[in-house]
>>> print(open('final.cif').read())   # mmCIF, C-alpha atoms
data_data
#
loop_
_atom_site.group_PDB
_atom_site.id
_atom_site.type_symbol
_atom_site.label_atom_id
_atom_site.label_comp_id
_atom_site.auth_asym_id
_atom_site.auth_seq_id
_atom_site.Cartn_x
_atom_site.Cartn_y
_atom_site.Cartn_z
ATOM 1 C CA MET A 28 92.285 98.599 111.503
ATOM 2 C CA ARG A 29 94.538 97.861 108.525
ATOM 3 C CA ILE A 30 95.981 99.789 105.580
ATOM 4 C CA ILE A 31 93.925 98.943 102.492
ATOM 5 C CA ALA A 32 96.389 99.415 99.618
ATOM 6 C CA GLY A 33 99.891 100.487 98.644
ATOM 7 C CA ASN A 34 103.272 99.559 100.035
ATOM 8 C CA ALA A 35 101.946 99.234 103.618
ATOM 9 C CA ARG A 36 98.908 97.184 102.568
ATOM 10 C CA GLY A 37 97.607 94.885 105.289
ATOM 11 C CA ARG A 38 99.663 96.498 108.066
ATOM 12 C CA ARG A 39 97.805 97.248 111.299
ATOM 13 C CA LEU A 40 97.220 100.717 112.719
ATOM 14 C CA LYS A 41 96.698 101.616 116.356
ATOM 15 C CA ALA A 42 93.842 103.929 117.356
ATOM 16 C CA PRO A 43 93.668 106.246 120.369
ATOM 17 C CA ARG A 44 91.760 104.773 123.318
ATOM 18 C CA GLY A 45 88.346 106.042 124.287
ATOM 19 C CA LEU A 46 85.309 107.221 122.394
ATOM 20 C CA LYS A 47 86.504 110.674 121.324
ATOM 21 C CA THR A 48 88.231 109.346 118.186
ATOM 22 C CA ARG A 49 86.269 107.629 115.408
ATOM 23 C CA PRO A 50 88.769 106.114 112.979
ATOM 24 C CA ALA A 51 87.402 105.868 109.449
ATOM 25 C CA THR A 52 86.119 102.352 108.896
ATOM 26 C CA ALA A 53 87.676 100.162 106.220
ATOM 27 C CA ARG A 54 84.465 100.551 104.198
ATOM 28 C CA ALA A 55 84.589 104.360 104.402
ATOM 29 C CA ARG A 56 88.308 104.475 103.552
ATOM 30 C CA GLU A 57 87.799 102.070 100.649
ATOM 31 C CA SER A 58 85.017 104.269 99.276
ATOM 32 C CA ILE A 59 87.005 107.492 99.709
ATOM 33 C CA PHE A 60 90.151 106.164 98.071
ATOM 34 C CA SER A 61 88.376 104.348 95.232
ATOM 35 C CA ARG A 62 86.779 107.690 94.262
ATOM 36 C CA LEU A 63 90.068 109.553 94.597
ATOM 37 C CA ASN A 64 92.229 106.928 92.915
ATOM 38 C CA VAL A 65 90.747 107.583 89.464
ATOM 39 C CA ARG A 66 91.105 111.372 89.870
ATOM 40 C CA ILE A 67 94.397 111.889 91.713
ATOM 41 C CA ASP A 68 97.957 110.805 91.082
ATOM 42 C CA PHE A 69 99.147 110.048 94.609
ATOM 43 C CA ASP A 70 102.784 109.951 93.527
ATOM 44 C CA GLY A 71 104.440 113.044 94.974
ATOM 45 C CA LEU A 72 101.214 114.389 96.529
ATOM 46 C CA MET A 73 101.253 116.691 99.585
ATOM 47 C CA VAL A 74 98.504 115.672 102.034
ATOM 48 C CA LEU A 75 96.935 117.388 105.054
ATOM 49 C CA ASP A 76 94.940 115.319 107.571
ATOM 50 C CA ILE A 77 92.915 117.577 109.944
ATOM 51 C CA PHE A 78 91.377 116.099 113.118
ATOM 52 C CA ALA A 79 93.677 113.226 112.221
ATOM 53 C CA GLY A 80 92.824 110.868 115.108
ATOM 54 C CA SER A 81 94.752 107.676 114.345
ATOM 55 C CA GLY A 82 96.107 109.167 111.111
ATOM 56 C CA SER A 83 94.429 106.436 109.060
ATOM 57 C CA LEU A 84 93.476 108.648 106.102
ATOM 58 C CA GLY A 85 96.828 110.419 105.790
ATOM 59 C CA ILE A 86 98.740 107.171 106.306
ATOM 60 C CA GLU A 87 96.624 105.445 103.636
ATOM 61 C CA ALA A 88 97.628 108.248 101.242
ATOM 62 C CA LEU A 89 101.308 107.806 102.158
ATOM 63 C CA SER A 90 101.016 104.060 101.546
ATOM 64 C CA ARG A 91 99.668 104.838 98.068
ATOM 65 C CA GLY A 92 102.650 107.035 97.171
ATOM 66 C CA ALA A 93 101.980 110.504 98.600
ATOM 67 C CA ALA A 94 105.267 112.343 99.133
ATOM 68 C CA HIS A 95 104.400 113.875 102.492
ATOM 69 C CA ALA A 96 101.528 114.117 104.975
ATOM 70 C CA THR A 97 100.920 116.692 107.689
ATOM 71 C CA PHE A 98 98.719 115.515 110.555
ATOM 72 C CA VAL A 99 96.868 118.039 112.736
ATOM 73 C CA ASP A 100 95.139 117.080 115.980
ATOM 74 C CA SER A 101 94.814 118.908 119.295
ATOM 75 C CA SER A 102 94.730 115.640 121.283
ATOM 76 C CA LYS A 103 98.099 114.560 122.689
ATOM 77 C CA ALA A 104 96.841 110.959 122.815
ATOM 78 C CA ALA A 105 95.978 111.066 119.115
ATOM 79 C CA THR A 106 99.273 112.620 118.014
ATOM 80 C CA SER A 107 101.171 110.074 120.129
ATOM 81 C CA VAL A 108 99.362 107.217 118.342
ATOM 82 C CA ILE A 109 99.977 108.802 114.929
ATOM 83 C CA ARG A 110 103.677 109.022 115.783
ATOM 84 C CA GLU A 111 103.691 105.322 116.765
ATOM 85 C CA ASN A 112 101.856 104.292 113.584
ATOM 86 C CA LEU A 113 104.242 106.245 111.349
ATOM 87 C CA LYS A 114 107.292 104.810 113.099
ATOM 88 C CA ALA A 115 105.983 101.225 112.879
ATOM 89 C CA LEU A 116 105.390 101.650 109.134
ATOM 90 C CA GLY A 117 108.699 103.417 108.435
ATOM 91 C CA LEU A 118 106.898 106.576 107.289
ATOM 92 C CA SER A 119 108.101 109.092 109.888
ATOM 93 C CA GLU A 120 110.458 110.898 107.499
ATOM 94 C CA ARG A 121 107.553 111.621 105.113
ATOM 95 C CA ALA A 122 105.319 113.129 107.780
ATOM 96 C CA ARG A 123 104.866 116.055 110.133
ATOM 97 C CA ILE A 124 102.633 116.004 113.201
ATOM 98 C CA ILE A 125 101.187 119.238 114.571
ATOM 99 C CA SER A 126 99.739 118.818 118.054
ATOM 100 C CA ASN A 127 97.730 122.018 118.180
ATOM 101 C CA ASP A 128 94.310 123.527 117.604
ATOM 102 C CA LEU A 129 93.573 123.943 113.905
ATOM 103 C CA HIS A 130 92.962 127.694 114.381
ATOM 104 C CA ARG A 131 96.675 127.979 115.159
ATOM 105 C CA ALA A 132 97.955 125.146 112.976
ATOM 106 C CA LEU A 133 96.356 126.220 109.689
ATOM 107 C CA PRO A 134 97.593 129.850 109.765
ATOM 108 C CA GLU A 135 101.060 128.500 110.598
ATOM 109 C CA LEU A 136 100.934 126.316 107.481
ATOM 110 C CA ALA A 137 99.699 129.289 105.428
ATOM 111 C CA VAL A 138 102.644 131.436 106.567
ATOM 112 C CA ALA A 139 104.949 128.610 105.441
ATOM 113 C CA LYS A 140 103.141 128.791 102.046
ATOM 114 C CA LYS A 141 102.098 125.146 102.093
ATOM 115 C CA GLY A 142 99.867 124.051 99.202
ATOM 116 C CA PHE A 143 98.208 120.670 99.605
ATOM 117 C CA GLY A 144 96.874 118.497 96.793
ATOM 118 C CA LEU A 145 94.624 116.538 99.159
ATOM 119 C CA VAL A 146 93.078 117.510 102.499
ATOM 120 C CA PHE A 147 90.993 115.322 104.808
ATOM 121 C CA VAL A 148 88.635 117.017 107.295
ATOM 122 C CA ASP A 149 87.083 114.734 109.914
ATOM 123 C CA ALA A 150 85.625 117.075 112.548
ATOM 124 C CA PRO A 151 84.140 115.658 115.768
ATOM 125 C CA TYR A 152 80.490 114.708 115.310
ATOM 126 C CA ALA A 153 79.522 116.533 118.530
ATOM 127 C CA ASN A 154 81.082 119.783 117.306
ATOM 128 C CA ASP A 155 80.959 119.668 113.529
ATOM 129 C CA ILE A 156 82.815 122.742 112.322
ATOM 130 C CA SER A 157 83.419 121.369 108.825
ATOM 131 C CA ASN A 158 81.947 124.487 107.210
ATOM 132 C CA ASP A 159 84.345 126.751 109.135
ATOM 133 C CA VAL A 160 87.326 124.550 108.292
ATOM 134 C CA LEU A 161 86.429 124.506 104.597
ATOM 135 C CA ALA A 162 86.215 128.310 104.604
ATOM 136 C CA MET A 163 89.579 128.569 106.425
ATOM 137 C CA LEU A 164 91.302 126.256 103.946
ATOM 138 C CA ALA A 165 90.059 128.403 101.060
ATOM 139 C CA SER A 166 90.797 131.800 102.647
ATOM 140 C CA LEU A 167 94.301 130.752 103.752
ATOM 141 C CA ASN A 168 95.058 129.470 100.222
ATOM 142 C CA LEU A 169 96.166 126.069 101.547
ATOM 143 C CA ILE A 170 94.821 124.050 98.599
ATOM 144 C CA ALA A 171 96.939 123.677 95.475
ATOM 145 C CA PRO A 172 95.243 124.362 92.103
ATOM 146 C CA GLU A 173 93.082 121.346 91.234
ATOM 147 C CA GLY A 174 93.588 120.078 94.803
ATOM 148 C CA TRP A 175 90.912 118.085 96.634
ATOM 149 C CA ILE A 176 89.219 118.357 100.031
ATOM 150 C CA VAL A 177 87.356 115.379 101.501
ATOM 151 C CA ILE A 178 85.000 116.047 104.416
ATOM 152 C CA ARG A 179 83.617 113.185 106.521
ATOM 153 C CA GLN A 180 80.561 113.957 108.667
ATOM 154 C CA PHE A 181 77.820 112.152 110.519
ATOM 155 C CA LYS A 182 75.056 111.570 107.960
ATOM 156 C CA ARG A 183 72.497 113.357 110.161
ATOM 157 C CA ALA A 184 74.652 116.489 110.417
ATOM 158 C CA PRO A 185 73.382 119.599 108.641
ATOM 159 C CA VAL A 186 73.754 119.503 104.871
ATOM 160 C CA ALA A 187 77.313 119.238 103.531
ATOM 161 C CA PRO A 188 79.022 122.657 103.457
ATOM 162 C CA PRO A 189 78.628 124.660 100.232
ATOM 163 C CA ALA A 190 81.744 125.037 98.109
ATOM 164 C CA PRO A 191 83.666 128.259 98.769
ATOM 165 C CA GLU A 192 84.521 130.599 95.899
ATOM 166 C CA GLY A 193 87.056 129.007 93.570
ATOM 167 C CA PHE A 194 85.947 125.463 94.498
ATOM 168 C CA GLU A 195 83.289 123.074 93.269
ATOM 169 C CA GLN A 196 81.488 120.382 95.211
ATOM 170 C CA PHE A 197 82.223 117.272 93.196
ATOM 171 C CA THR A 198 79.971 114.712 94.874
ATOM 172 C CA VAL A 199 78.433 113.707 98.203
ATOM 173 C CA SER A 200 77.972 110.069 99.217
ATOM 174 C CA ILE A 201 76.534 108.218 102.218
ATOM 175 C CA ILE A 202 78.541 105.260 103.544
ATOM 176 C CA GLY A 203 76.978 103.660 106.634
ATOM 177 C CA ASP A 204 76.558 106.492 109.157
ATOM 178 C CA HIS A 205 79.041 108.742 107.316
ATOM 179 C CA ARG A 206 78.388 111.477 104.774
ATOM 180 C CA ILE A 207 81.441 112.118 102.622
ATOM 181 C CA ALA A 208 81.663 115.279 100.528
ATOM 182 C CA TYR A 209 84.351 115.916 97.902
ATOM 183 C CA TYR A 210 85.459 119.395 96.805
ATOM 184 C CA ARG A 211 87.915 120.397 94.110
ATOM 185 C CA ARG A 212 89.727 123.693 93.673
ATOM 186 C CA SER A 213 89.561 125.237 90.232
ATOM 187 C CA SER A 214 92.756 125.322 88.198
ATOM 188 C CA ILE A 215 94.498 128.694 87.886
ATOM 189 C CA GLY A 216 93.356 129.010 84.284
ATOM 190 C CA ALA A 217 89.732 128.364 85.227
ATOM 191 C CA GLU A 218 89.935 130.931 88.039
ATOM 192 C CA ILE A 219 91.273 133.568 85.650
ATOM 193 C CA ALA A 220 88.623 132.755 83.047
ATOM 194 C CA SER A 221 85.802 133.052 85.595
ATOM 195 C CA GLY A 222 87.257 136.265 87.101
#
>>> encode(input="final.cif", output="structure tokens")
Amino acid sequence: MRIIAGNARGRRLKAPRGLKTRPATARARESIFSRLNVRIDFDGLMVLDIFAGSGSLGIEALSRGAAHATFVDSSKAATSVIRENLKALGLSERARIISNDLHRALPELAVAKKGFGLVFVDAPYANDISNDVLAMLASLNLIAPEGWIVIRQFKRAPVAPPAPEGFEQFTVSIIGDHRIAYYRRSSIGAEIASG
């Protein structure tokens, strides 16, 4: 597994051992970032990577210029590998790793008034709680105005979650056995106009 673009392009990433983690394939990451690249300025972006696994999505964003990435995973093995990957790439100072369940981690970030411009949600296929996570992100106000959420699911999972109030579902694509849904939060002006 290698970084696709940016200042860490071509560098290798480690992945946690075993079958519980499914790092995003190069093809899936290429598709995700090619769609985002024309819509997001990565320079200075705050990123949240939930169910981070190896950290490949958040680290790809850091390589492309994101200012900071927060990685959330309840697996100690996964957070240990993320820590190793960040250290090897010299990105540790631009990252935070939260080794905790997202039901504790996300409220903690909300209390700290974190607003993310880009969030990746990659829930386990066996227990796809993407809909719940999307609702939590919206209700906790963790997405900055005009911020993006990218949800990766197994393509046979139930239909992609509907957009919560104040968000729009931008597009849904199928890449191999993945379904990738993109959501965007309305700008403050658009929220006021629709209210």
>>> resolve_selection(input="final.cif", expression="the PyMOL selection byres ((chain A and resi 95) around 9)", output="PyMOL selection string")
chain A and resi 71-75+85+88-89+92-94+96-97+120-123
>>> resolve_selection(input="final.cif", expression="the PyMOL selection byres ((chain A and resi 76-80) around 9)", output="ChimeraX atom specification")
/A:42-43,47-50,74-75,81-85,96-102,104-106,108-109,129,145-151
>>> closest_residue(input="final.cif", among="A:Lys182, A:Lys141, A:Lys103, A:Arg38", to="A:Ile170", atoms="all atoms listed in the file")
A:Lys141
>>> closest_residue(input="final.cif", among="A:His130, A:Arg206, A:Ser107, A:Thr52", to="A:Tyr152", atoms="only C-alpha atoms")
A:Arg206
>>> residues_near_point(input="final.cif", point="(104.1, 96.2, 106.1)", cutoff="12 Å", atoms="only C-alpha atoms", output="PyMOL selection string")
chain A and resi 29-40+90+112-118
>>> resolve_selection(input="final.cif", expression="the PyMOL selection byres ((chain A and resi 160) around 10)", output="PyMOL selection string")
chain A and resi 77+129-130+133+148-150+155-159+161-166+178+188
>>> atom_distance(input="final.cif", atom1="atom CA of A:Ile207", atom2="atom CA of A:Arg179")
4.6 Å
>>> atom_distance(input="final.cif", atom1="atom CA of A:Phe69", atom2="atom CA of A:Ser213")
18.5 Å
>>> atom_distance(input="final.cif", atom1="atom CA of A:Asp68", atom2="atom CA of A:Ala137")
23.5 Å
>>> closest_residue(input="final.cif", among="A:Val138, A:Ala132, A:Ile124, A:Ala153", to="A:Ala184", atoms="only C-alpha atoms")
A:Ala153
>>> closest_residue(input="final.cif", among="A:Ala139, A:Lys41, A:Pro185, A:Asn64", to="A:Asn168", atoms="only C-alpha atoms")
A:Ala139
>>> closest_residue(input="final.cif", among="A:Ala171, A:Pro191, A:Ala53, A:Ser126", to="A:Lys140", atoms="only C-alpha atoms")
A:Ala171
>>> axis_aligned_box(input="final.cif", around="stretch 109-124 of chain A", padding_each_side="6 Å", output="JSON")
{"center_x": 105.2, "center_y": 108.6, "center_z": 110.9, "size_x": 22.5, "size_y": 26.8, "size_z": 23.7}
>>> closest_residue(input="final.cif", among="A:Glu195, A:Asp128, A:Glu173, A:Glu111", to="A:Gly144", atoms="all atoms listed in the file")
A:Glu173
>>> build_atoms(input="final.cif", residues="stretch 158-175 of chain A", atoms="N, CA and C atoms", output="short mmCIF file (atom, residue, chain, number, x, y, z; two decimals), in the coordinates of the input")
data_model
loop_
_atom_site.label_atom_id
_atom_site.label_comp_id
_atom_site.auth_asym_id
_atom_site.auth_seq_id
_atom_site.Cartn_x
_atom_site.Cartn_y
_atom_site.Cartn_z
N ASN A 158 82.17 123.31 108.04
CA ASN A 158 81.95 124.49 107.21
C ASN A 158 83.01 125.55 107.47
N ASP A 159 83.31 125.77 108.76
CA ASP A 159 84.34 126.75 109.14
C ASP A 159 85.72 126.34 108.62
N VAL A 160 86.02 125.04 108.73
CA VAL A 160 87.33 124.55 108.29
C VAL A 160 87.46 124.69 106.78
N LEU A 161 86.41 124.37 106.05
CA LEU A 161 86.43 124.51 104.60
C LEU A 161 86.69 125.96 104.20
N ALA A 162 86.01 126.89 104.88
CA ALA A 162 86.22 128.31 104.60
C ALA A 162 87.64 128.74 104.93
N MET A 163 88.20 128.24 106.04
CA MET A 163 89.58 128.57 106.42
C MET A 163 90.58 128.07 105.39
N LEU A 164 90.39 126.83 104.94
CA LEU A 164 91.30 126.26 103.95
C LEU A 164 91.33 127.11 102.68
N ALA A 165 90.14 127.58 102.27
CA ALA A 165 90.06 128.40 101.06
C ALA A 165 90.67 129.78 101.30
N SER A 166 90.32 130.43 102.41
CA SER A 166 90.80 131.80 102.65
C SER A 166 92.30 131.85 102.91
N LEU A 167 92.86 130.79 103.48
CA LEU A 167 94.30 130.75 103.75
C LEU A 167 95.10 130.26 102.55
N ASN A 168 94.40 129.92 101.46
CA ASN A 168 95.06 129.47 100.22
C ASN A 168 95.94 128.24 100.46
N LEU A 169 95.40 127.28 101.21
CA LEU A 169 96.17 126.07 101.55
C LEU A 169 95.98 124.94 100.54
N ILE A 170 95.09 125.12 99.57
CA ILE A 170 94.82 124.05 98.60
C ILE A 170 95.48 124.40 97.27
N ALA A 171 96.28 123.48 96.76
CA ALA A 171 96.94 123.68 95.48
C ALA A 171 95.88 123.72 94.36
N PRO A 172 96.18 124.39 93.23
CA PRO A 172 95.24 124.36 92.10
C PRO A 172 94.90 122.92 91.73
N GLU A 173 93.62 122.67 91.53
CA GLU A 173 93.08 121.35 91.23
C GLU A 173 93.21 120.37 92.41
N GLY A 174 93.51 120.91 93.61
CA GLY A 174 93.59 120.08 94.80
C GLY A 174 92.21 119.69 95.31
N TRP A 175 92.16 118.66 96.14
CA TRP A 175 90.91 118.08 96.63
C TRP A 175 90.79 118.23 98.15
#
